[in-house]
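Undergrad: Contents of final.txt (compact mmCIF, C-alpha atoms) are below:
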# COMPACT_ATOMS: atom_id res chain seq x y z
CA MET V 28 8.37 13.02 -4.64
CA GLY V 29 5.24 13.90 -6.51
CA ILE V 30 1.67 14.28 -5.43
CA PHE V 31 0.75 11.04 -7.21
CA ASN V 32 3.32 8.90 -5.35
CA ALA V 33 0.85 7.64 -2.77
CA LEU V 34 -1.49 6.57 -5.58
CA ASP V 35 1.25 4.48 -7.21
CA ILE V 36 2.09 2.81 -3.89
CA SER V 37 -1.53 1.90 -3.15
CA ALA V 38 -2.04 0.72 -6.72
CA SER V 39 0.93 -1.67 -6.42
CA ALA V 40 -0.71 -3.14 -3.31
CA LEU V 41 -4.03 -3.49 -5.13
CA SER V 42 -2.49 -5.57 -7.90
CA VAL V 43 -0.57 -7.74 -5.42
CA GLU V 44 -3.68 -8.42 -3.34
CA ARG V 45 -5.73 -9.16 -6.45
CA GLU V 46 -3.13 -11.68 -7.58
CA ARG V 47 -3.07 -13.21 -4.11
CA SER V 48 -6.82 -13.73 -4.14
CA GLU V 49 -6.58 -15.20 -7.65
CA VAL V 50 -4.08 -17.76 -6.37
CA ALA V 51 -6.30 -18.63 -3.39
CA VAL V 52 -9.31 -19.01 -5.69
CA SER V 53 -7.31 -21.20 -8.04
CA ASN V 54 -6.32 -23.41 -5.08
CA LEU V 55 -9.98 -23.71 -4.12
CA ALA V 56 -11.01 -24.52 -7.68
CA ASN V 57 -8.41 -27.27 -7.93
CA VAL V 58 -9.20 -28.92 -4.63
CA ASP V 59 -10.06 -32.19 -6.41
CA THR V 60 -7.71 -31.99 -9.40
CA THR V 61 -5.88 -35.28 -9.76
CA ARG V 62 -4.26 -34.61 -13.10
CA THR V 63 -2.26 -31.59 -14.31
CA ALA V 64 -1.17 -30.51 -17.75
CA ALA V 65 2.40 -30.08 -16.54
CA GLY V 66 2.84 -33.80 -16.02
CA SER V 67 1.95 -36.58 -13.68
CA GLY V 68 0.58 -36.11 -10.22
CA PRO V 69 -2.19 -34.00 -8.71
CA TYR V 70 -2.41 -30.20 -8.60
CA ARG V 71 -0.08 -28.64 -6.07
CA ARG V 72 -1.22 -25.85 -3.80
CA ARG V 73 0.28 -22.48 -4.77
CA GLU V 74 1.35 -19.63 -2.57
CA VAL V 75 2.52 -16.07 -3.33
CA VAL V 76 5.72 -14.41 -2.13
CA ILE V 77 5.20 -10.72 -1.39
CA GLN V 78 8.16 -8.39 -1.13
CA ASN V 79 8.65 -4.78 -0.20
CA GLY V 80 9.60 -2.82 -3.33
CA GLY V 81 12.85 -0.84 -3.04
CA ASN V 82 12.74 1.12 0.16
CA SER V 83 16.31 2.18 0.85
CA PRO V 84 16.90 5.94 0.61
CA PHE V 85 19.28 5.38 -2.28
CA GLN V 86 16.73 3.29 -4.12
CA SER V 87 13.99 5.86 -3.65
CA VAL V 88 16.21 8.67 -4.91
CA LEU V 89 17.22 6.53 -7.87
CA ASN V 90 13.58 5.73 -8.60
CA GLY V 91 12.68 9.39 -8.37
CA VAL V 92 15.37 10.34 -10.85
CA SER V 93 15.33 7.64 -13.45
CA ASP V 94 12.69 5.02 -12.88
CA LEU V 95 9.80 5.79 -15.16
CA ARG V 96 9.54 2.30 -16.61
CA ALA V 97 6.04 0.97 -16.89
CA GLY V 98 5.23 -1.60 -14.24
CA ALA V 99 8.16 -0.71 -12.00
CA THR V 100 7.37 -0.99 -8.30
CA PRO V 101 7.34 2.46 -6.66
CA ALA V 102 9.56 3.02 -3.62
CA GLY V 103 7.56 2.00 -0.58
CA GLY V 104 5.21 -0.16 -2.62
CA VAL V 105 4.94 -3.91 -2.81
CA LYS V 106 5.57 -6.48 -5.47
CA LEU V 107 4.78 -10.11 -5.93
CA THR V 108 8.14 -11.75 -6.57
CA ARG V 109 6.96 -15.23 -7.41
CA VAL V 110 4.32 -17.89 -6.97
CA VAL V 111 5.68 -20.99 -5.26
CA GLU V 112 4.27 -24.50 -5.02
CA ASP V 113 3.57 -26.10 -1.70
CA ASN V 114 5.63 -29.28 -1.27
CA ALA V 115 3.13 -30.98 1.00
CA GLU V 116 2.58 -34.66 0.27
CA PRO V 117 -0.66 -35.37 -1.66
CA ILE V 118 -3.52 -36.97 0.22
CA ARG V 119 -4.05 -40.59 -0.86
CA ARG V 120 -7.57 -41.98 -1.03
CA TYR V 121 -8.55 -45.52 -1.89
CA ASP V 122 -10.62 -45.50 -5.10
CA PRO V 123 -9.59 -48.34 -7.44
CA GLY V 124 -12.14 -47.41 -10.11
CA HIS V 125 -10.62 -43.98 -10.67
CA PRO V 126 -8.61 -43.61 -13.91
CA ASP V 127 -5.75 -41.92 -11.98
CA ALA V 128 -5.50 -44.66 -9.36
CA ASP V 129 -2.05 -46.20 -8.89
CA LYS V 130 -1.38 -49.93 -8.91
CA ASP V 131 -2.51 -50.27 -5.27
CA GLY V 132 -5.80 -48.54 -6.04
CA TYR V 133 -4.97 -45.22 -4.36
CA VAL V 134 -5.66 -41.83 -5.96
CA SER V 135 -3.49 -38.81 -5.01
CA TYR V 136 -5.49 -35.67 -4.25
CA PRO V 137 -3.99 -32.20 -3.65
CA ALA V 138 -3.24 -31.39 0.01
CA ILE V 139 -5.51 -28.33 0.12
CA ASN V 140 -7.42 -27.23 3.20
CA PRO V 141 -10.44 -25.19 1.97
CA ALA V 142 -10.74 -23.38 5.30
CA GLU V 143 -7.14 -22.19 5.05
CA GLU V 144 -7.75 -20.90 1.52
CA MET V 145 -10.93 -19.10 2.55
CA VAL V 146 -9.11 -17.34 5.38
CA ASP V 147 -6.35 -16.35 2.96
CA LEU V 148 -8.96 -15.07 0.50
CA MET V 149 -10.69 -13.02 3.18
CA GLY V 150 -7.37 -11.54 4.26
CA SER V 151 -6.53 -10.45 0.73
CA VAL V 152 -10.01 -8.98 0.18
CA ARG V 153 -9.72 -6.94 3.38
CA ALA V 154 -6.25 -5.72 2.43
CA TYR V 155 -7.62 -4.79 -1.00
CA GLN V 156 -10.39 -2.75 0.62
CA LEU V 157 -7.89 -1.03 2.89
CA ASN V 158 -5.75 0.06 -0.04
CA ALA V 159 -8.78 1.06 -2.09
CA SER V 160 -9.81 3.43 0.71
CA ALA V 161 -6.24 4.76 0.84
CA ILE V 162 -6.59 5.56 -2.88
CA ALA V 163 -9.87 7.35 -2.22
CA ALA V 164 -8.12 9.44 0.46
CA SER V 165 -5.24 10.31 -1.89
CA LYS V 166 -7.67 11.27 -4.61
CA GLN V 167 -9.52 13.57 -2.26
CA MET V 168 -6.28 15.28 -1.28
CA ILE V 169 -5.30 15.81 -4.91
CA GLN V 170 -8.76 17.18 -5.63
CA GLN V 171 -8.37 19.66 -2.79
CA SER V 172 -5.09 20.85 -4.25
CA ILE V 173 -6.80 21.39 -7.59
CA ASP V 174 -9.62 23.27 -5.86
CA VAL V 175 -7.11 25.88 -4.70
CA LEU V 176 -6.95 26.96 -8.34
CA LYS V 177 -10.65 27.78 -8.56
CA SER V 178 -11.69 30.09 -5.80
CA MET G 21 3.27 44.84 -0.78
CA PRO G 22 1.31 41.82 0.49
CA ASP G 23 3.04 39.34 2.71
CA PHE G 24 3.60 36.18 0.69
CA SER G 25 5.60 34.35 3.36
CA VAL G 26 2.42 32.81 4.75
CA LEU G 27 1.89 31.14 1.39
CA SER G 28 5.36 29.62 1.32
CA GLN G 29 4.88 28.38 4.88
CA LEU G 30 1.62 26.79 3.85
CA GLU G 31 3.42 25.23 0.93
CA ASN G 32 5.90 23.63 3.33
CA TYR G 33 3.05 22.43 5.51
CA LEU G 34 1.31 20.81 2.55
CA ALA G 35 4.54 19.19 1.35
CA VAL G 36 5.23 17.59 4.74
CA THR G 37 1.61 16.42 5.08
CA ASN G 38 1.71 14.96 1.60
CA GLN G 39 4.89 13.04 2.39
CA ARG G 40 3.39 11.71 5.59
CA GLU G 41 0.41 10.50 3.58
CA THR G 42 2.79 8.71 1.20
CA VAL G 43 4.48 6.96 4.13
CA ILE G 44 1.11 5.86 5.53
CA ALA G 45 0.00 4.59 2.12
CA SER G 46 3.24 2.63 1.95
CA ASN G 47 2.54 1.07 5.36
CA MET G 48 -0.93 0.09 4.18
CA ALA G 49 0.47 -1.37 0.96
CA ASN G 50 2.88 -3.53 2.96
CA VAL G 51 0.27 -4.88 5.36
CA ASP G 52 1.02 -8.43 4.14
CA THR G 53 4.76 -8.16 3.50
CA PRO G 54 6.65 -10.48 5.86
CA GLY G 55 9.25 -8.68 7.97
CA TYR G 56 8.03 -5.16 7.10
CA ARG G 57 8.36 -2.56 9.88
CA THR G 58 5.88 0.30 10.25
CA LYS G 59 7.37 3.66 9.23
CA ASP G 60 6.40 7.21 10.02
CA ILE G 61 7.82 10.73 10.04
CA ASP G 62 8.17 13.04 13.04
CA PHE G 63 5.66 15.63 11.81
CA GLN G 64 6.53 18.54 14.10
CA HIS G 65 10.25 18.10 13.67
CA GLU G 66 10.03 17.81 9.89
CA LEU G 67 7.70 20.81 9.64
CA ALA G 68 10.08 22.92 11.71
CA ARG G 69 12.95 21.80 9.49
CA ALA G 70 11.02 22.60 6.30
CA MET G 71 10.15 26.07 7.66
CA ALA G 72 13.78 26.76 8.54
CA ALA G 73 15.07 25.68 5.14
CA PRO G 74 15.77 28.45 2.59
CA GLU G 75 12.82 29.28 0.38
CA GLY G 76 12.50 27.22 -2.80
CA SER G 77 14.52 24.27 -1.52
CA SER G 78 12.60 21.20 -0.46
CA PRO G 79 14.55 19.12 2.06
CA GLY G 80 13.67 15.43 2.10
CA VAL G 81 12.00 14.14 5.22
CA ALA G 82 13.59 11.56 7.51
CA VAL G 83 11.51 8.40 7.70
CA ARG G 84 11.95 6.40 10.90
CA ASP G 85 10.70 3.06 12.20
CA VAL G 86 7.87 3.20 14.72
CA LYS G 87 8.77 1.55 18.02
CA GLY G 88 6.58 -0.34 20.44
CA LEU G 89 4.10 -1.94 18.06
CA LEU G 90 2.87 -5.50 18.39
CA GLU G 91 4.69 -7.76 15.97
CA ARG G 92 3.00 -10.62 14.16
CA PRO G 93 4.71 -14.01 13.77
CA ASP G 94 5.90 -13.14 10.23
CA GLY G 95 7.83 -10.11 11.57
CA ASN G 96 5.34 -7.55 10.24
CA ASN G 97 4.06 -4.93 12.69
CA VAL G 98 1.58 -2.86 10.64
CA ASP G 99 -1.52 -1.96 12.66
CA ILE G 100 -4.36 -1.35 10.19
CA ASP G 101 -6.49 0.65 12.64
CA LYS G 102 -3.61 2.94 13.57
CA GLU G 103 -2.77 3.54 9.90
CA SER G 104 -6.40 4.24 8.96
CA LEU G 105 -6.62 6.75 11.77
CA GLU G 106 -3.42 8.45 10.73
CA LEU G 107 -4.51 8.55 7.11
CA SER G 108 -7.71 10.43 8.01
CA GLU G 109 -5.64 12.70 10.22
CA ALA G 110 -3.26 13.51 7.36
CA GLN G 111 -6.21 14.02 5.06
CA LEU G 112 -7.80 16.58 7.40
CA GLN G 113 -4.48 18.34 7.94
CA TYR G 114 -4.09 18.61 4.19
CA GLN G 115 -7.61 19.95 3.83
CA MET G 116 -6.85 22.60 6.43
CA GLY G 117 -3.73 23.61 4.51
CA THR G 118 -5.53 23.94 1.19
CA GLN G 119 -8.38 25.88 2.81
CA LEU G 120 -5.99 28.32 4.45
CA MET G 121 -4.21 28.74 1.13
CA LYS G 122 -7.48 29.46 -0.66
CA ASP G 123 -8.41 32.00 2.00
CA ARG G 124 -5.06 33.71 1.60
CA PHE G 125 -5.50 33.96 -2.17
CA HIS G 126 -8.98 35.28 -1.60
CA GLN G 127 -7.66 37.99 0.71
CA ILE G 128 -5.09 39.06 -1.88
CA LEU G 129 -7.76 39.06 -4.58
CA THR G 130 -10.02 41.21 -2.41
CA ALA G 131 -7.17 43.64 -1.90
CA ILE G 132 -6.59 43.83 -5.67
CA ASN G 133 -10.25 44.34 -6.51
CA GLY G 134 -10.86 46.88 -3.80
CA ASP G 135 -14.48 47.24 -2.72
CA GLN G 136 -16.07 46.27 -6.03
Please go through the file and, once you have read it, give me the structure as structure tokens.
TA:
Amino acid sequence: MGIFNALDISASALSVERERSEVAVSNLANVDTTRTAAGSGPYRRREVVIQNGGNSPFQSVLNGVSDLRAGATPAGGVKLTRVVEDNAEPIRRYDPGHPDADKDGYVSYPAINPAEEMVDLMGSVRAYQLNASAIAASKQMIQQSIDVLKS
Amino acid sequence: MPDFSVLSQLENYLAVTNQRETVIASNMANVDTPGYRTKDIDFQHELARAMAAPEGSSPGVAVRDVKGLLERPDGNNVDIDKESLELSEAQLQYQMGTQLMKDRFHQILTAINGDQ
């Protein structure tokens, strides 16, 4: 338990929220993508999976003793475990002139609802702000501790 | 011989406040984690325990789940407003502790310097 623990925890949340907004923005950018580099078919909407990083008492003691690896999630922090693809069926629109149209003349577009993505983006921005202000508070507390030294 | 026990009590007070701040920061970090339950420490109880512990040892604090909060559909029950409030509270408590500590050092320094 060090004085900088709270900073590590808030920083882990900052990176998770940043990644979450990147995924939402990428969904918005690809709202009309009918072709992907990975193979056939339109872009698929992506979603993040957020997990609580090691919070059991044993885990936190273990982290305190031995876990100084770079990039390790601090006890009580968060981590982004993976980015998953939404399995929703693509939206089919009739457009026979389109190069990606199938034999019936339908083009598959990603099933992305821009309003949903915007709400997700706003949520992650707000959570980012919340954790940024938590960092400011931690910094102020550390500064006060340092100020004890100079009287 | 000046009385240094006030300083060690203040040290305990700062340690408990700092740990509470860590718990609150952790709640804020997990504001979007599905299934996460809000955690907190019983400040008065932990402070009393830290004061009673022998000098130099730092007992860990017991973190408990907070009951009676509104739960969202994903099983998370972090209330941002409550956590923000508690963070400012912990911040002010910490400031009080550091100020008292500074004052105490100042007193000792005055005693050393005499009336110069």
Undergrad: Please identify all polymer residues within 10 Å of V:Glu74, counting all atoms listed in the file, omitting same-chain residues fewer than 5 positions from it, and present them as a list in words.
TA: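 With the cut-off at 10 Å, the set is Arg47, Val50, Ala51, Asn54, Arg109, Val110, Val111, Glu112 and Asp113 of chain V.
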Undergrad: Between V:Gly66, V:Gly132, V:Gly29, V:Gly103, which has the minimum distance to chain G (counting all atoms listed in the file)?
TA: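 Between V:Gly66, V:Gly132, V:Gly29, V:Gly103, the residue approaching chain G most closely is V:Gly103.
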Undergrad: My list of candidates is G:Leu27, G:Leu105, G:Gln64, G:Lys87. Which is closest to G:Ala45 when distances are computed with only C-alpha atoms?
TA: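 Among the listed residues, G:Leu105 lies closest to G:Ala45.
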Undergrad: May I have a table of the residues of chain V lying at most 10 Å from chain G, giving each one's closest pair of atoms and their distance in Å to one decimal, counting only C-alpha atoms, ordered by chain and ascending residue number, as a tab-separated table?
TA:
residue	atom	partner	partner_atom	distance
V:Met28	CA	G:Gln39	CA	7.8
V:Gly29	CA	G:Asn38	CA	8.9
V:Ile30	CA	G:Asn38	CA	7.1
V:Phe31	CA	G:Thr42	CA	9.0
V:Asn32	CA	G:Thr42	CA	6.6
V:Ala33	CA	G:Thr42	CA	4.5
V:Leu34	CA	G:Ala45	CA	8.1
V:Asp35	CA	G:Ala45	CA	9.4
V:Ile36	CA	G:Ser46	CA	6.0
V:Ser37	CA	G:Ala49	CA	5.6
V:Ala38	CA	G:Ala49	CA	8.3
V:Ser39	CA	G:Ala49	CA	7.4
V:Ala40	CA	G:Ala49	CA	4.8
V:Leu41	CA	G:Ala49	CA	7.9
V:Val43	CA	G:Ala49	CA	9.1
V:Glu44	CA	G:Asp52	CA	8.8
V:Val76	CA	G:Thr53	CA	8.5
V:Ile77	CA	G:Thr53	CA	5.5
V:Gln78	CA	G:Thr53	CA	5.7
V:Asn79	CA	G:Thr53	CA	6.3
V:Gly80	CA	G:Asn50	CA	9.2
V:Asn82	CA	G:Ser46	CA	9.8
V:Pro84	CA	G:Val83	CA	9.2
V:Pro101	CA	G:Ser46	CA	9.5
V:Ala102	CA	G:Ser46	CA	8.4
V:Gly103	CA	G:Ser46	CA	5.0
V:Gly104	CA	G:Ser46	CA	5.7
V:Val105	CA	G:Asn50	CA	6.1
V:Lys106	CA	G:Thr53	CA	9.2
V:Leu107	CA	G:Thr53	CA	9.6
V:Gly150	CA	G:Asp52	CA	8.9
V:Ser151	CA	G:Asp52	CA	8.5
V:Ala154	CA	G:Val51	CA	7.2
V:Tyr155	CA	G:Ala49	CA	9.0
V:Leu157	CA	G:Met48	CA	7.2
V:Asn158	CA	G:Met48	CA	6.4
V:Ser160	CA	G:Ser104	CA	9.0
V:Ala161	CA	G:Ala45	CA	6.4
V:Ile162	CA	G:Ala45	CA	8.3
V:Ala164	CA	G:Gln111	CA	6.8
V:Ser165	CA	G:Glu41	CA	7.9
V:Gln167	CA	G:Gln111	CA	8.0
V:Met168	CA	G:Gln111	CA	6.5
V:Ile169	CA	G:Tyr114	CA	9.6
V:Gln170	CA	G:Gln115	CA	9.9
V:Gln171	CA	G:Thr118	CA	6.5
V:Ser172	CA	G:Thr118	CA	6.3
V:Ile173	CA	G:Thr118	CA	9.2
V:Asp174	CA	G:Thr118	CA	8.2
V:Val175	CA	G:Lys122	CA	5.4
V:Leu176	CA	G:Lys122	CA	8.1
V:Lys177	CA	G:Lys122	CA	8.7
V:Ser178	CA	G:Lys122	CA	6.7
Undergrad: Just need the box for stretch 123-133 of chain G, edges along x, y and z, holding every atom the file lists for it with 4 Å tacked onto each side, so centre and edge lengths in Å to one decimal, as JSON.
TA:
{"center_x": -7.7, "center_y": 38.2, "center_z": -2.3, "size_x": 13.2, "size_y": 20.3, "size_z": 16.5}
Undergrad: Between atom CA of V:Ala138 and atom CA of V:Thr108, what distance in Å does the model show, to one decimal?
TA: 23.6 Å
Undergrad: Missing atoms in stretch 112-135 of chain V: fill them in up to N, CA and C atoms and send the result as a compact mmCIF listing (two decimals), in the coordinates of the input.
TA:
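What follows is the written file out-v4.txt:
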# COMPACT_ATOMS: atom_id res chain seq x y z
N GLU V 112 5.13 -23.34 -5.25
CA GLU V 112 4.27 -24.50 -5.02
C GLU V 112 4.54 -25.09 -3.65
N ASP V 113 3.47 -25.47 -3.01
CA ASP V 113 3.57 -26.10 -1.70
C ASP V 113 4.08 -27.54 -1.91
N ASN V 114 5.06 -27.94 -1.09
CA ASN V 114 5.63 -29.28 -1.27
C ASN V 114 4.97 -30.34 -0.41
N ALA V 115 3.81 -30.01 0.13
CA ALA V 115 3.13 -30.98 1.00
C ALA V 115 2.80 -32.24 0.21
N GLU V 116 2.89 -33.38 0.90
CA GLU V 116 2.58 -34.66 0.27
C GLU V 116 1.09 -34.71 -0.10
N PRO V 117 0.76 -35.25 -1.29
CA PRO V 117 -0.66 -35.37 -1.66
C PRO V 117 -1.39 -36.31 -0.71
N ILE V 118 -2.70 -36.09 -0.61
CA ILE V 118 -3.52 -36.97 0.22
C ILE V 118 -3.91 -38.18 -0.62
N ARG V 119 -3.74 -39.38 -0.08
CA ARG V 119 -4.05 -40.59 -0.86
C ARG V 119 -5.37 -41.18 -0.37
N ARG V 120 -6.27 -41.39 -1.36
CA ARG V 120 -7.57 -41.98 -1.03
C ARG V 120 -7.77 -43.26 -1.84
N TYR V 121 -8.35 -44.24 -1.21
CA TYR V 121 -8.55 -45.52 -1.89
C TYR V 121 -9.76 -45.43 -2.81
N ASP V 122 -9.54 -45.58 -4.11
CA ASP V 122 -10.62 -45.50 -5.10
C ASP V 122 -10.15 -46.24 -6.36
N PRO V 123 -10.20 -47.56 -6.35
CA PRO V 123 -9.59 -48.34 -7.44
C PRO V 123 -10.23 -48.11 -8.80
N GLY V 124 -11.49 -47.61 -8.83
CA GLY V 124 -12.14 -47.41 -10.11
C GLY V 124 -11.72 -46.14 -10.81
N HIS V 125 -11.01 -45.28 -10.11
CA HIS V 125 -10.62 -43.98 -10.67
C HIS V 125 -9.53 -44.16 -11.74
N PRO V 126 -9.64 -43.45 -12.86
CA PRO V 126 -8.61 -43.61 -13.91
C PRO V 126 -7.20 -43.21 -13.46
N ASP V 127 -7.08 -42.34 -12.44
CA ASP V 127 -5.75 -41.92 -11.98
C ASP V 127 -5.27 -42.74 -10.78
N ALA V 128 -5.93 -43.84 -10.50
CA ALA V 128 -5.50 -44.66 -9.36
C ALA V 128 -4.18 -45.35 -9.69
N ASP V 129 -3.32 -45.50 -8.66
CA ASP V 129 -2.05 -46.20 -8.89
C ASP V 129 -2.28 -47.71 -8.79
N LYS V 130 -1.22 -48.48 -8.83
CA LYS V 130 -1.38 -49.93 -8.91
C LYS V 130 -2.00 -50.53 -7.64
N ASP V 131 -1.88 -49.79 -6.50
CA ASP V 131 -2.51 -50.27 -5.27
C ASP V 131 -3.96 -49.80 -5.14
N GLY V 132 -4.44 -49.03 -6.10
CA GLY V 132 -5.80 -48.54 -6.04
C GLY V 132 -5.97 -47.20 -5.34
N TYR V 133 -4.88 -46.52 -5.06
CA TYR V 133 -4.97 -45.22 -4.36
C TYR V 133 -4.88 -44.06 -5.36
N VAL V 134 -5.69 -43.03 -5.13
CA VAL V 134 -5.66 -41.83 -5.96
C VAL V 134 -5.05 -40.69 -5.13
N SER V 135 -4.11 -39.94 -5.71
CA SER V 135 -3.49 -38.81 -5.01
C SER V 135 -4.31 -37.54 -5.24
